[in-house]
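Written out below as structure tokens is the structure these notes cover.
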Amino acid sequence: MISDTENYKKLRTFFDDEYHSLKIYAKSRINDAADRDADDIVQDVALKIFSRADSLSPIENIAGFVYNSIRNRIIDVMRTKKKEEPRNEREMEKQFSEFTELFYGKSDNSYPEKMKYALKEAVFNLKPLYKDVLIAIDFEGYTYNEISLETGIPVGTLMSRRHRALSILLKQLETKKEI
């Protein structure tokens with residue numbers, strides 16, 4: 001049977017020999033590496049693995065274990081970065097413009113300020129249960145599953161509320177478009 005320190009020795013040897021390859025692997029999995037550093041990800045994984053090396057059961061496939069750990073860490077980083085993005089005024093304006101295009105399609109010129117204002121007003125005048133799901137999905141980038149887990153509301157109900165909100169907005173903005 002392998003002793004507890006045997007994991008540590010195997011891991012240390014593997015990291016000493018393969019550190020550069022691990023870094024290249026991490027970098028290849030990160031598309032927008034401007035705010036994420038592959039070296040940091042590999043070091044985070046190494047720190048967690050080495051801190052638990054003595055409590056793990058014997059690791060048969062060190063390479064597979066480490067590469068899977070790095071892949072999982074990259075997924076975690078990508079998920080948390082998505083949620084942390086702050087929403088500023090300019091970004092919200094851009095999203096309102098894109099959202100307006102859902103109703104009227106892409107055009108050669110931008111939408112008049114009156115139409116953008118009408119859309120904002122219509123969104124903020126929706127009932128809270130419609131407005132909340134619409135803003136969360138279309139402007140804040142949350143998924144139905146994330147909202148469902150957070151609120152306890154079934155995914156189907158959330159989808160139905162968003163669809164109803166879009167339908168209400170379409171009816172309200174159809175009259176404004178004709179004017």
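Residues in the structure tokens are numbered from 1 in each chain, the chains being A, B, ... in the order shown, and ligands are numbered from 1 in the order shown.
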Inset, instruction - List every residue of stretch 3-169 of chain A that DSSP, applied to the backbone, labels as helix (DSSP H, G or I), and write the result as JSON, numbers by chain. - result: {"A": [4, 5, 6, 7, 8, 9, 10, 11, 12, 13, 14, 15, 16, 17, 18, 19, 20, 21, 22, 23, 24, 25, 26, 27, 28, 29, 38, 39, 40, 41, 42, 43, 44, 45, 46, 47, 48, 49, 50, 51, 52, 62, 63, 64, 65, 66, 67, 68, 69, 70, 71, 72, 73, 74, 75, 76, 77, 78, 79, 80, 81, 82, 83, 84, 89, 90, 91, 92, 93, 94, 95, 96, 97, 98, 99, 100, 101, 102, 103, 104, 113, 114, 115, 116, 117, 118, 119, 120, 121, 122, 123, 124, 128, 129, 130, 131, 132, 133, 134, 135, 136, 137, 138, 144, 145, 146, 147, 148, 149, 150, 151, 155, 156, 157, 158, 159, 160, 161, 162, 163, 164, 165, 166, 167, 168, 169]}
Inset, instruction - Extract, using only C-alpha atoms, all DNA, RNA and protein residues at most 12 Å from stretch 15-27 of chain A, discarding same-chain residues fewer than 6 positions from it, and format them as a PyMOL selection string. - result: chain A and resi 8-9+33-47+49-50+62-75+77
Selected residues written out with C-alpha atoms, as a PDB file, in the first residue's frame:
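Output file result_3.pdb follows:
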```pdb
ATOM      1  CA  TYR A   8       3.310  14.167  -2.260  1.00  0.00           C
ATOM      2  CA  LYS A   9       6.496  12.772  -3.780  1.00  0.00           C
ATOM      3  CA  ALA A  33      -6.114  35.608 -21.391  1.00  0.00           C
ATOM      4  CA  ALA A  34      -5.876  39.366 -20.828  1.00  0.00           C
ATOM      5  CA  ASP A  35      -7.223  39.163 -17.301  1.00  0.00           C
ATOM      6  CA  ARG A  36      -6.377  35.550 -16.547  1.00  0.00           C
ATOM      7  CA  ASP A  37      -2.885  34.195 -16.198  1.00  0.00           C
ATOM      8  CA  ALA A  38      -2.210  30.537 -16.948  1.00  0.00           C
ATOM      9  CA  ASP A  39       0.661  30.553 -14.452  1.00  0.00           C
ATOM     10  CA  ASP A  40      -1.716  31.671 -11.690  1.00  0.00           C
ATOM     11  CA  ILE A  41      -4.166  28.901 -12.513  1.00  0.00           C
ATOM     12  CA  VAL A  42      -1.482  26.208 -12.447  1.00  0.00           C
ATOM     13  CA  GLN A  43      -0.140  27.549  -9.149  1.00  0.00           C
ATOM     14  CA  ASP A  44      -3.638  27.658  -7.610  1.00  0.00           C
ATOM     15  CA  VAL A  45      -4.191  24.038  -8.586  1.00  0.00           C
ATOM     16  CA  ALA A  46      -0.760  23.015  -7.292  1.00  0.00           C
ATOM     17  CA  LEU A  47      -1.388  24.745  -3.971  1.00  0.00           C
ATOM     18  CA  ILE A  49      -3.402  19.610  -4.514  1.00  0.00           C
ATOM     19  CA  PHE A  50      -0.276  19.819  -2.345  1.00  0.00           C
ATOM     20  CA  ILE A  62      -1.027  11.672 -11.573  1.00  0.00           C
ATOM     21  CA  ALA A  63      -1.110  13.316 -15.019  1.00  0.00           C
ATOM     22  CA  GLY A  64      -4.827  12.737 -15.506  1.00  0.00           C
ATOM     23  CA  PHE A  65      -5.572  13.943 -11.985  1.00  0.00           C
ATOM     24  CA  VAL A  66      -3.588  17.169 -12.407  1.00  0.00           C
ATOM     25  CA  TYR A  67      -4.850  17.964 -15.917  1.00  0.00           C
ATOM     26  CA  ASN A  68      -8.466  17.412 -14.816  1.00  0.00           C
ATOM     27  CA  SER A  69      -7.886  19.660 -11.819  1.00  0.00           C
ATOM     28  CA  ILE A  70      -6.529  22.409 -14.073  1.00  0.00           C
ATOM     29  CA  ARG A  71      -9.440  22.043 -16.483  1.00  0.00           C
ATOM     30  CA  ASN A  72     -11.917  22.297 -13.589  1.00  0.00           C
ATOM     31  CA  ARG A  73     -10.139  25.371 -12.211  1.00  0.00           C
ATOM     32  CA  ILE A  74     -10.309  27.067 -15.621  1.00  0.00           C
ATOM     33  CA  ILE A  75     -14.041  26.380 -15.773  1.00  0.00           C
ATOM     34  CA  VAL A  77     -12.492  30.995 -13.263  1.00  0.00           C
TER      35      VAL A  77
END
```
Inset, instruction - Please provide as a PyMOL selection string all residues within 10 Å of stretch 134-148 of chain A, with the sequence filter that same-chain residues fewer than 2 positions apart are discarded (counting only C-alpha atoms). - result: chain A and resi 82-83+85-87+91-92+94-96+98-99+123-124+126+128-132+150-159+161-166
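Taking atom CA of A:Arg29 and atom CA of A:Leu149 as the two end points, the separation is 27.7 Å.
Candidate residues A:Ser97, A:Leu169, A:Asp54, A:Ile30 were compared for distance to A:Lys114, and the nearest is A:Ser97, using only C-alpha atoms.
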